[in-house]
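**Q** Below is the file coords_39.pdb, with PDB, C-alpha atoms.
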```pdb
MODEL        1
ATOM      1  CA  MET A   1      11.880  -9.490  10.572  1.00  0.00           C
ATOM      2  CA  GLU A   2      12.173  -6.198  12.428  1.00  0.00           C
ATOM      3  CA  ASN A   3      13.869  -4.653   9.405  1.00  0.00           C
ATOM      4  CA  HIS A   4      11.222  -6.003   7.087  1.00  0.00           C
ATOM      5  CA  ALA A   5       8.500  -4.479   9.292  1.00  0.00           C
ATOM      6  CA  SER A   6      10.188  -1.068   9.319  1.00  0.00           C
ATOM      7  CA  GLY A   7      10.615  -1.403   5.542  1.00  0.00           C
ATOM      8  CA  PHE A   8       6.839  -1.666   5.188  1.00  0.00           C
ATOM      9  CA  ASP A   9       6.390   1.227   7.646  1.00  0.00           C
ATOM     10  CA  ALA A  10       8.643   3.425   5.486  1.00  0.00           C
ATOM     11  CA  ALA A  11       7.098   2.357   2.173  1.00  0.00           C
ATOM     12  CA  PHE A  12       3.498   2.912   3.311  1.00  0.00           C
ATOM     13  CA  HIS A  13       4.450   6.208   4.942  1.00  0.00           C
ATOM     14  CA  ALA A  14       6.121   7.368   1.713  1.00  0.00           C
ATOM     15  CA  LEU A  15       3.014   6.467  -0.300  1.00  0.00           C
ATOM     16  CA  ALA A  16       0.692   8.383   2.083  1.00  0.00           C
ATOM     17  CA  ASP A  17       1.149  11.623   0.141  1.00  0.00           C
ATOM     18  CA  ARG A  18      -0.266  12.540  -3.272  1.00  0.00           C
ATOM     19  CA  THR A  19       2.896  14.347  -4.466  1.00  0.00           C
ATOM     20  CA  ARG A  20       5.046  11.340  -3.645  1.00  0.00           C
ATOM     21  CA  ARG A  21       2.534   8.980  -5.286  1.00  0.00           C
ATOM     22  CA  ALA A  22       2.595  11.171  -8.424  1.00  0.00           C
ATOM     23  CA  VAL A  23       6.425  10.973  -8.492  1.00  0.00           C
ATOM     24  CA  VAL A  24       6.233   7.176  -8.180  1.00  0.00           C
ATOM     25  CA  THR A  25       3.715   7.006 -11.039  1.00  0.00           C
ATOM     26  CA  ARG A  26       5.944   9.191 -13.227  1.00  0.00           C
ATOM     27  CA  LEU A  27       9.068   7.139 -12.517  1.00  0.00           C
ATOM     28  CA  MET A  28       7.275   3.904 -13.369  1.00  0.00           C
ATOM     29  CA  SER A  29       7.628   4.929 -17.027  1.00  0.00           C
ATOM     30  CA  GLY A  30      11.405   5.423 -16.685  1.00  0.00           C
ATOM     31  CA  PRO A  31      14.097   7.482 -14.906  1.00  0.00           C
ATOM     32  CA  ALA A  32      13.919  11.300 -14.865  1.00  0.00           C
ATOM     33  CA  PRO A  33      16.115  14.217 -13.737  1.00  0.00           C
ATOM     34  CA  VAL A  34      15.009  15.995 -10.529  1.00  0.00           C
ATOM     35  CA  LYS A  35      14.257  19.301 -12.304  1.00  0.00           C
ATOM     36  CA  GLN A  36      11.932  17.646 -14.794  1.00  0.00           C
ATOM     37  CA  LEU A  37      10.240  15.674 -12.006  1.00  0.00           C
ATOM     38  CA  ALA A  38       9.645  18.831  -9.954  1.00  0.00           C
ATOM     39  CA  GLN A  39       8.054  20.812 -12.812  1.00  0.00           C
ATOM     40  CA  PRO A  40       4.389  19.714 -12.516  1.00  0.00           C
ATOM     41  CA  PHE A  41       4.214  20.556  -8.800  1.00  0.00           C
ATOM     42  CA  ALA A  42       3.254  23.940  -7.397  1.00  0.00           C
ATOM     43  CA  MET A  43       5.903  23.984  -4.658  1.00  0.00           C
ATOM     44  CA  GLY A  44       9.432  25.253  -4.154  1.00  0.00           C
ATOM     45  CA  LEU A  45      12.391  22.999  -4.951  1.00  0.00           C
ATOM     46  CA  PRO A  46      13.375  22.572  -1.245  1.00  0.00           C
ATOM     47  CA  ALA A  47       9.893  21.222  -0.407  1.00  0.00           C
ATOM     48  CA  PHE A  48      10.028  18.925  -3.426  1.00  0.00           C
ATOM     49  CA  LEU A  49      13.491  17.648  -2.454  1.00  0.00           C
ATOM     50  CA  LYS A  50      12.106  16.731   0.984  1.00  0.00           C
ATOM     51  CA  HIS A  51       9.523  14.519  -0.719  1.00  0.00           C
ATOM     52  CA  LEU A  52      12.264  12.887  -2.803  1.00  0.00           C
ATOM     53  CA  ARG A  53      14.230  12.277   0.380  1.00  0.00           C
ATOM     54  CA  VAL A  54      11.290  10.448   1.964  1.00  0.00           C
ATOM     55  CA  LEU A  55      10.959   8.295  -1.167  1.00  0.00           C
ATOM     56  CA  GLU A  56      14.686   7.592  -1.169  1.00  0.00           C
ATOM     57  CA  ASP A  57      14.769   6.735   2.565  1.00  0.00           C
ATOM     58  CA  SER A  58      11.914   4.283   2.012  1.00  0.00           C
ATOM     59  CA  ARG A  59      13.908   2.711  -0.864  1.00  0.00           C
ATOM     60  CA  LEU A  60      11.052   3.261  -3.277  1.00  0.00           C
ATOM     61  CA  ILE A  61      13.418   5.285  -5.461  1.00  0.00           C
ATOM     62  CA  VAL A  62      17.141   5.758  -5.892  1.00  0.00           C
ATOM     63  CA  THR A  63      18.903   8.920  -7.087  1.00  0.00           C
ATOM     64  CA  GLU A  64      22.244   9.161  -8.904  1.00  0.00           C
ATOM     65  CA  LYS A  65      24.323  12.216  -9.692  1.00  0.00           C
ATOM     66  CA  GLN A  66      26.141  12.340 -13.016  1.00  0.00           C
ATOM     67  CA  GLY A  67      28.031  15.606 -13.453  1.00  0.00           C
ATOM     68  CA  ARG A  68      25.575  18.322 -12.394  1.00  0.00           C
ATOM     69  CA  ILE A  69      22.425  16.354 -13.062  1.00  0.00           C
ATOM     70  CA  ARG A  70      20.677  14.225 -10.428  1.00  0.00           C
ATOM     71  CA  THR A  71      18.502  11.494 -11.880  1.00  0.00           C
ATOM     72  CA  CYS A  72      15.820   9.492 -10.049  1.00  0.00           C
ATOM     73  CA  ARG A  73      14.637   6.010 -10.835  1.00  0.00           C
ATOM     74  CA  ILE A  74      12.183   3.624  -9.262  1.00  0.00           C
ATOM     75  CA  ARG A  75      13.218   0.577  -7.238  1.00  0.00           C
ATOM     76  CA  PRO A  76      10.394  -1.808  -8.098  1.00  0.00           C
ATOM     77  CA  GLU A  77      11.354  -4.374  -5.409  1.00  0.00           C
ATOM     78  CA  ARG A  78       9.801  -2.318  -2.622  1.00  0.00           C
ATOM     79  CA  LEU A  79       6.542  -1.761  -4.497  1.00  0.00           C
ATOM     80  CA  LEU A  80       6.416  -5.455  -5.422  1.00  0.00           C
ATOM     81  CA  GLU A  81       6.762  -6.370  -1.723  1.00  0.00           C
ATOM     82  CA  THR A  82       4.073  -3.888  -0.730  1.00  0.00           C
ATOM     83  CA  GLU A  83       1.676  -5.135  -3.382  1.00  0.00           C
ATOM     84  CA  ALA A  84       2.414  -8.744  -2.367  1.00  0.00           C
ATOM     85  CA  TRP A  85       1.511  -7.910   1.253  1.00  0.00           C
ATOM     86  CA  LEU A  86      -1.818  -6.379   0.197  1.00  0.00           C
ATOM     87  CA  ALA A  87      -2.577  -9.300  -2.145  1.00  0.00           C
ATOM     88  CA  GLU A  88      -1.901 -11.698   0.760  1.00  0.00           C
ATOM     89  CA  GLN A  89      -4.386  -9.817   2.976  1.00  0.00           C
ATOM     90  CA  LEU A  90      -7.048  -9.925   0.278  1.00  0.00           C
ATOM     91  CA  ALA A  91      -6.436 -13.664  -0.214  1.00  0.00           C
ATOM     92  CA  LEU A  92      -7.134 -14.180   3.524  1.00  0.00           C
ATOM     93  CA  TRP A  93     -10.326 -12.173   3.178  1.00  0.00           C
ATOM     94  CA  ARG A  94     -11.467 -14.149   0.107  1.00  0.00           C
ATOM     95  CA  ALA A  95     -10.748 -17.439   1.896  1.00  0.00           C
ATOM     96  CA  SER A  96     -12.850 -16.301   4.861  1.00  0.00           C
ATOM     97  CA  THR A  97     -15.802 -15.167   2.708  1.00  0.00           C
ATOM     98  CA  ASP A  98     -15.604 -18.499   0.830  1.00  0.00           C
ATOM     99  CA  ARG A  99     -15.772 -20.359   4.153  1.00  0.00           C
ATOM    100  CA  LEU A 100     -18.759 -18.246   5.185  1.00  0.00           C
ATOM    101  CA  ALA A 101     -20.547 -18.927   1.886  1.00  0.00           C
ATOM    102  CA  ALA A 102     -19.879 -22.677   2.239  1.00  0.00           C
ATOM    103  CA  TYR A 103     -21.232 -22.588   5.817  1.00  0.00           C
ATOM    104  CA  VAL A 104     -24.413 -20.726   4.811  1.00  0.00           C
ATOM    105  CA  GLU A 105     -24.978 -23.081   1.876  1.00  0.00           C
ATOM    106  CA  ASN A 106     -24.521 -26.082   4.156  1.00  0.00           C
ATOM    107  CA  GLU A 107     -26.947 -24.666   6.762  1.00  0.00           C
ATOM    108  CA  MET A 108     -29.521 -23.980   4.045  1.00  0.00           C
ATOM    109  CA  SER A 109     -29.329 -27.494   2.605  1.00  0.00           C
ATOM    110  CA  GLU A 110     -29.716 -28.894   6.140  1.00  0.00           C
ATOM    111  CA  ASP A 111     -32.842 -26.754   6.517  1.00  0.00           C
ATOM    112  CA  ASP A 112     -34.134 -28.194   3.219  1.00  0.00           C
ATOM    113  CA  ALA A 113     -33.500 -31.729   4.474  1.00  0.00           C
ATOM    114  CA  ALA A 114     -35.365 -31.067   7.764  1.00  0.00           C
TER     115      ALA A 114
ATOM    116  CA  MET B   1     -10.781  13.351  -6.985  1.00  0.00           C
ATOM    117  CA  GLU B   2      -9.509  15.312  -3.972  1.00  0.00           C
ATOM    118  CA  ASN B   3     -11.449  12.972  -1.687  1.00  0.00           C
ATOM    119  CA  HIS B   4     -10.078   9.934  -3.444  1.00  0.00           C
ATOM    120  CA  ALA B   5      -6.520  11.277  -2.989  1.00  0.00           C
ATOM    121  CA  SER B   6      -7.053  11.904   0.733  1.00  0.00           C
ATOM    122  CA  GLY B   7      -8.578   8.432   0.953  1.00  0.00           C
ATOM    123  CA  PHE B   8      -5.312   6.961  -0.286  1.00  0.00           C
ATOM    124  CA  ASP B   9      -3.353   9.242   2.070  1.00  0.00           C
ATOM    125  CA  ALA B  10      -5.348   7.926   5.018  1.00  0.00           C
ATOM    126  CA  ALA B  11      -5.174   4.272   3.952  1.00  0.00           C
ATOM    127  CA  PHE B  12      -1.408   4.288   3.359  1.00  0.00           C
ATOM    128  CA  HIS B  13      -0.844   6.228   6.592  1.00  0.00           C
ATOM    129  CA  ALA B  14      -2.922   3.682   8.519  1.00  0.00           C
ATOM    130  CA  LEU B  15      -0.904   0.799   7.035  1.00  0.00           C
ATOM    131  CA  ALA B  16       2.444   2.434   7.938  1.00  0.00           C
ATOM    132  CA  ASP B  17       2.458   0.812  11.384  1.00  0.00           C
ATOM    133  CA  ARG B  18       3.064  -2.845  12.251  1.00  0.00           C
ATOM    134  CA  THR B  19       0.403  -2.989  14.992  1.00  0.00           C
ATOM    135  CA  ARG B  20      -2.223  -1.632  12.613  1.00  0.00           C
ATOM    136  CA  ARG B  21      -1.103  -4.021   9.859  1.00  0.00           C
ATOM    137  CA  ALA B  22      -1.366  -6.934  12.330  1.00  0.00           C
ATOM    138  CA  VAL B  23      -4.932  -5.860  13.205  1.00  0.00           C
ATOM    139  CA  VAL B  24      -5.817  -5.718   9.504  1.00  0.00           C
ATOM    140  CA  THR B  25      -4.371  -9.222   8.974  1.00  0.00           C
ATOM    141  CA  ARG B  26      -6.361 -10.559  11.942  1.00  0.00           C
ATOM    142  CA  LEU B  27      -9.627  -8.987  10.757  1.00  0.00           C
ATOM    143  CA  MET B  28      -9.186 -10.434   7.260  1.00  0.00           C
ATOM    144  CA  SER B  29     -10.221 -13.799   8.747  1.00  0.00           C
ATOM    145  CA  GLY B  30     -13.411 -12.343  10.250  1.00  0.00           C
ATOM    146  CA  PRO B  31     -14.769  -9.772  12.758  1.00  0.00           C
ATOM    147  CA  ALA B  32     -13.446  -9.676  16.343  1.00  0.00           C
ATOM    148  CA  PRO B  33     -14.272  -7.882  19.606  1.00  0.00           C
ATOM    149  CA  VAL B  34     -11.845  -5.090  20.622  1.00  0.00           C
ATOM    150  CA  LYS B  35     -10.673  -6.911  23.777  1.00  0.00           C
ATOM    151  CA  GLN B  36      -9.721 -10.035  21.835  1.00  0.00           C
ATOM    152  CA  LEU B  37      -7.975  -7.939  19.160  1.00  0.00           C
ATOM    153  CA  ALA B  38      -5.928  -6.072  21.776  1.00  0.00           C
ATOM    154  CA  GLN B  39      -4.702  -9.225  23.559  1.00  0.00           C
ATOM    155  CA  PRO B  40      -1.584 -10.059  21.444  1.00  0.00           C
ATOM    156  CA  PHE B  41      -0.151  -6.541  21.772  1.00  0.00           C
ATOM    157  CA  ALA B  42       2.135  -5.405  24.574  1.00  0.00           C
ATOM    158  CA  MET B  43       0.480  -2.009  25.042  1.00  0.00           C
ATOM    159  CA  GLY B  44      -2.213  -0.443  27.175  1.00  0.00           C
ATOM    160  CA  LEU B  45      -5.810  -0.364  25.935  1.00  0.00           C
ATOM    161  CA  PRO B  46      -5.798   3.447  25.387  1.00  0.00           C
ATOM    162  CA  ALA B  47      -2.785   3.159  23.031  1.00  0.00           C
ATOM    163  CA  PHE B  48      -4.439   0.260  21.222  1.00  0.00           C
ATOM    164  CA  LEU B  49      -7.707   2.194  20.866  1.00  0.00           C
ATOM    165  CA  LYS B  50      -5.774   5.032  19.207  1.00  0.00           C
ATOM    166  CA  HIS B  51      -4.539   2.576  16.565  1.00  0.00           C
ATOM    167  CA  LEU B  52      -8.115   1.354  16.016  1.00  0.00           C
ATOM    168  CA  ARG B  53      -9.221   4.966  15.616  1.00  0.00           C
ATOM    169  CA  VAL B  54      -6.637   5.549  12.866  1.00  0.00           C
ATOM    170  CA  LEU B  55      -7.835   2.397  11.072  1.00  0.00           C
ATOM    171  CA  GLU B  56     -11.457   3.496  11.469  1.00  0.00           C
ATOM    172  CA  ASP B  57     -10.752   7.047  10.228  1.00  0.00           C
ATOM    173  CA  SER B  58      -9.048   5.607   7.161  1.00  0.00           C
ATOM    174  CA  ARG B  59     -12.128   3.430   6.555  1.00  0.00           C
ATOM    175  CA  LEU B  60     -10.025   0.277   6.549  1.00  0.00           C
ATOM    176  CA  ILE B  61     -12.182  -1.046   9.405  1.00  0.00           C
ATOM    177  CA  VAL B  62     -15.560  -0.320  10.927  1.00  0.00           C
ATOM    178  CA  THR B  63     -16.560  -0.829  14.559  1.00  0.00           C
ATOM    179  CA  GLU B  64     -20.022  -1.560  15.920  1.00  0.00           C
ATOM    180  CA  LYS B  65     -21.241  -1.618  19.494  1.00  0.00           C
ATOM    181  CA  GLN B  66     -23.773  -4.244  20.507  1.00  0.00           C
ATOM    182  CA  GLY B  67     -24.636  -4.014  24.175  1.00  0.00           C
ATOM    183  CA  ARG B  68     -21.307  -3.651  25.999  1.00  0.00           C
ATOM    184  CA  ILE B  69     -19.199  -5.308  23.308  1.00  0.00           C
ATOM    185  CA  ARG B  70     -17.525  -3.342  20.509  1.00  0.00           C
ATOM    186  CA  THR B  71     -16.763  -5.468  17.459  1.00  0.00           C
ATOM    187  CA  CYS B  72     -14.404  -4.564  14.596  1.00  0.00           C
ATOM    188  CA  ARG B  73     -14.567  -5.768  11.044  1.00  0.00           C
ATOM    189  CA  ILE B  74     -12.604  -5.078   7.895  1.00  0.00           C
ATOM    190  CA  ARG B  75     -13.905  -2.908   5.058  1.00  0.00           C
ATOM    191  CA  PRO B  76     -12.291  -4.660   2.098  1.00  0.00           C
ATOM    192  CA  GLU B  77     -13.184  -1.858  -0.388  1.00  0.00           C
ATOM    193  CA  ARG B  78     -10.375   0.377   0.819  1.00  0.00           C
ATOM    194  CA  LEU B  79      -7.751  -2.374   0.645  1.00  0.00           C
ATOM    195  CA  LEU B  80      -8.999  -3.390  -2.798  1.00  0.00           C
ATOM    196  CA  GLU B  81      -8.562   0.217  -4.003  1.00  0.00           C
ATOM    197  CA  THR B  82      -5.086   0.428  -2.492  1.00  0.00           C
ATOM    198  CA  GLU B  83      -4.019  -2.860  -4.037  1.00  0.00           C
ATOM    199  CA  ALA B  84      -5.489  -1.760  -7.399  1.00  0.00           C
ATOM    200  CA  TRP B  85      -3.406   1.444  -7.288  1.00  0.00           C
ATOM    201  CA  LEU B  86      -0.207  -0.526  -6.630  1.00  0.00           C
ATOM    202  CA  ALA B  87      -1.036  -3.062  -9.354  1.00  0.00           C
ATOM    203  CA  GLU B  88      -1.569  -0.148 -11.776  1.00  0.00           C
ATOM    204  CA  GLN B  89       1.884   1.267 -10.951  1.00  0.00           C
ATOM    205  CA  LEU B  90       3.521  -2.108 -11.464  1.00  0.00           C
ATOM    206  CA  ALA B  91       1.722  -2.498 -14.810  1.00  0.00           C
ATOM    207  CA  LEU B  92       3.241   0.845 -15.917  1.00  0.00           C
ATOM    208  CA  TRP B  93       6.650  -0.391 -14.854  1.00  0.00           C
ATOM    209  CA  ARG B  94       6.248  -3.708 -16.692  1.00  0.00           C
ATOM    210  CA  ALA B  95       5.114  -1.884 -19.849  1.00  0.00           C
ATOM    211  CA  SER B  96       8.178   0.337 -19.684  1.00  0.00           C
ATOM    212  CA  THR B  97      10.626  -2.558 -19.167  1.00  0.00           C
ATOM    213  CA  ASP B  98       8.928  -4.387 -22.081  1.00  0.00           C
ATOM    214  CA  ARG B  99       9.475  -1.321 -24.291  1.00  0.00           C
ATOM    215  CA  LEU B 100      13.109  -1.178 -23.207  1.00  0.00           C
ATOM    216  CA  ALA B 101      13.606  -4.887 -23.960  1.00  0.00           C
ATOM    217  CA  ALA B 102      12.007  -4.463 -27.399  1.00  0.00           C
ATOM    218  CA  TYR B 103      14.250  -1.471 -28.104  1.00  0.00           C
ATOM    219  CA  VAL B 104      17.427  -3.331 -27.082  1.00  0.00           C
ATOM    220  CA  GLU B 105      16.421  -6.377 -29.136  1.00  0.00           C
ATOM    221  CA  ASN B 106      15.757  -4.154 -32.144  1.00  0.00           C
ATOM    222  CA  GLU B 107      19.123  -2.387 -31.772  1.00  0.00           C
ATOM    223  CA  MET B 108      20.902  -5.719 -31.505  1.00  0.00           C
ATOM    224  CA  SER B 109      19.294  -7.175 -34.620  1.00  0.00           C
ATOM    225  CA  GLU B 110      20.237  -3.975 -36.500  1.00  0.00           C
ATOM    226  CA  ASP B 111      23.812  -4.536 -35.333  1.00  0.00           C
ATOM    227  CA  ASP B 112      23.636  -8.090 -36.650  1.00  0.00           C
ATOM    228  CA  ALA B 113      22.373  -6.822 -40.012  1.00  0.00           C
ATOM    229  CA  ALA B 114      25.148  -4.232 -40.275  1.00  0.00           C
TER     230      ALA B 114
ENDMDL
END
```
Could you show the structure in this file as structure tokens?
**A**
Amino acid sequence: MENHASGFDAAFHALADRTRRAVVTRLMSGPAPVKQLAQPFAMGLPAFLKHLRVLEDSRLIVTEKQGRIRTCRIRPERLLETEAWLAEQLALWRASTDRLAAYVENEMSEDDAA
Amino acid sequence: MENHASGFDAAFHALADRTRRAVVTRLMSGPAPVKQLAQPFAMGLPAFLKHLRVLEDSRLIVTEKQGRIRTCRIRPERLLETEAWLAEQLALWRASTDRLAAYVENEMSEDDAA
């Protein structure tokens, strides 16, 4: 439970940055080597590697070294969990607006009857 | 575009904390006064108010003062946007795994033909 909560903390924290979100979006289409991933961003490699580290620590991505090339790929489980949490919240909200609508409708038909 | 990106930064940052996520979950069922919201949490009111401020700054919630009572309610738009972004990422991932499956299937049937 505690671990699950810190897992969400780490995932949401990792996604709270546009560079890291762009890396996630890129990796959704398939794995990529670090150098290729870094290319579109106007920052030095050390700064970019820090972003990758945050993504890796949050378990949103995993990196593997083969020979001299380090490749990154997405771990969809974490994103699936995060999306499931948000969907659950929105389901609660929809249920509560439905209840409100039913209440208002009921009140209005009672007014009609009076 | 820039504003939209910082909007996501703020929303994900706000959700990267279990107290703030618990407040969001509570408010999904309807508005609540600050005092009632603070009750389940083992922290002083000033610390709790800081969390509310982060949620308010991220536009996940809005607070209104009527007389001496400050009430909080959810702003579902921001959560809907955040969930839509995650759903979009997962759709990219599903498309890419479908392409991979189609490729493997194709390769295997070519092997059969050979």
**Q** So which residues get picked by the PyMOL selection byres ((chain B) within 12 of (chain A)) here, written as a ChimeraX atom specification?
**A** /B:1-31,58,73-100
**Q** Counting only C-alpha atoms, figure out which residue out of B:Ile69, B:Ile61, B:Val34, B:Ala101 gets nearest to B:Phe48.
**A** B:Val34
**Q** Take atom CA of B:Cys72 and atom CA of B:Glu56 and report the distance between them in Å, one decimal.
**A**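 The value is 9.1 Å.
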**Q** What separation in Å, quoted to one decimal, exists between atom CA of A:Leu55 and atom CA of B:Ala47?
**A**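 If I compute the distance from atom CA of A:Leu55 to atom CA of B:Ala47, I get 28.3 Å.
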**Q** Which distance in Å separates atom CA of B:Arg59 and atom CA of B:Lys35, to one decimal?
**A**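 Separation between atom CA of B:Arg59 and atom CA of B:Lys35: 20.1 Å.
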**Q** Supply stretch 16-25 of chain B as a compact mmCIF listing (two decimals), in the coordinates of the input, with all heavy atoms built in where the input has gaps.
**A**
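Written file, selection.txt:
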```txt
# COMPACT_ATOMS: atom_id res chain seq x y z
N ALA B 16 1.02 2.18 7.66
CA ALA B 16 2.44 2.43 7.94
C ALA B 16 2.81 2.16 9.40
O ALA B 16 3.61 2.87 9.99
CB ALA B 16 2.80 3.88 7.56
N ASP B 17 2.19 1.15 9.98
CA ASP B 17 2.46 0.81 11.38
C ASP B 17 2.21 -0.68 11.57
O ASP B 17 1.16 -1.20 11.17
CB ASP B 17 1.52 1.62 12.29
CG ASP B 17 1.68 1.25 13.74
OD1 ASP B 17 1.06 0.24 14.17
OD2 ASP B 17 2.42 1.95 14.45
N ARG B 18 3.16 -1.38 12.19
CA ARG B 18 3.06 -2.84 12.25
C ARG B 18 1.90 -3.33 13.11
O ARG B 18 1.32 -4.38 12.81
CB ARG B 18 4.39 -3.45 12.70
CG ARG B 18 4.76 -3.15 14.15
CD ARG B 18 6.14 -3.67 14.48
NE ARG B 18 6.26 -5.07 14.16
CZ ARG B 18 7.39 -5.78 14.33
NH1 ARG B 18 8.47 -5.18 14.78
NH2 ARG B 18 7.43 -7.05 14.04
N THR B 19 1.56 -2.59 14.18
CA THR B 19 0.40 -2.99 14.99
C THR B 19 -0.87 -2.91 14.15
O THR B 19 -1.68 -3.84 14.14
CB THR B 19 0.27 -2.07 16.23
OG1 THR B 19 1.43 -2.21 17.04
CG2 THR B 19 -0.96 -2.42 17.05
N ARG B 20 -1.01 -1.79 13.43
CA ARG B 20 -2.22 -1.63 12.61
C ARG B 20 -2.27 -2.66 11.49
O ARG B 20 -3.33 -3.19 11.16
CB ARG B 20 -2.31 -0.20 12.10
CG ARG B 20 -2.52 0.81 13.24
CD ARG B 20 -2.98 2.17 12.76
NE ARG B 20 -2.02 2.90 11.98
CZ ARG B 20 -1.19 3.84 12.46
NH1 ARG B 20 -1.22 4.15 13.73
NH2 ARG B 20 -0.37 4.47 11.65
N ARG B 21 -1.10 -2.98 10.90
CA ARG B 21 -1.10 -4.02 9.86
C ARG B 21 -1.49 -5.37 10.46
O ARG B 21 -2.22 -6.15 9.84
CB ARG B 21 0.27 -4.13 9.19
CG ARG B 21 0.57 -3.00 8.21
CD ARG B 21 1.76 -3.31 7.30
NE ARG B 21 2.98 -3.59 8.02
CZ ARG B 21 3.84 -2.68 8.49
NH1 ARG B 21 3.59 -1.40 8.30
NH2 ARG B 21 4.92 -3.03 9.13
N ALA B 22 -1.03 -5.65 11.68
CA ALA B 22 -1.37 -6.93 12.33
C ALA B 22 -2.87 -7.01 12.60
O ALA B 22 -3.48 -8.08 12.45
CB ALA B 22 -0.57 -7.10 13.61
N VAL B 23 -3.48 -5.88 12.98
CA VAL B 23 -4.93 -5.86 13.20
C VAL B 23 -5.67 -6.13 11.89
O VAL B 23 -6.62 -6.92 11.85
CB VAL B 23 -5.38 -4.51 13.82
CG1 VAL B 23 -6.90 -4.38 13.82
CG2 VAL B 23 -4.83 -4.36 15.24
N VAL B 24 -5.21 -5.50 10.82
CA VAL B 24 -5.82 -5.72 9.50
C VAL B 24 -5.74 -7.20 9.15
O VAL B 24 -6.75 -7.82 8.78
CB VAL B 24 -5.12 -4.86 8.42
CG1 VAL B 24 -5.48 -5.34 7.00
CG2 VAL B 24 -5.52 -3.39 8.58
N THR B 25 -4.55 -7.80 9.31
CA THR B 25 -4.37 -9.22 8.97
C THR B 25 -5.34 -10.08 9.79
O THR B 25 -5.99 -10.98 9.24
CB THR B 25 -2.91 -9.66 9.25
OG1 THR B 25 -2.04 -8.85 8.48
CG2 THR B 25 -2.69 -11.11 8.88
```
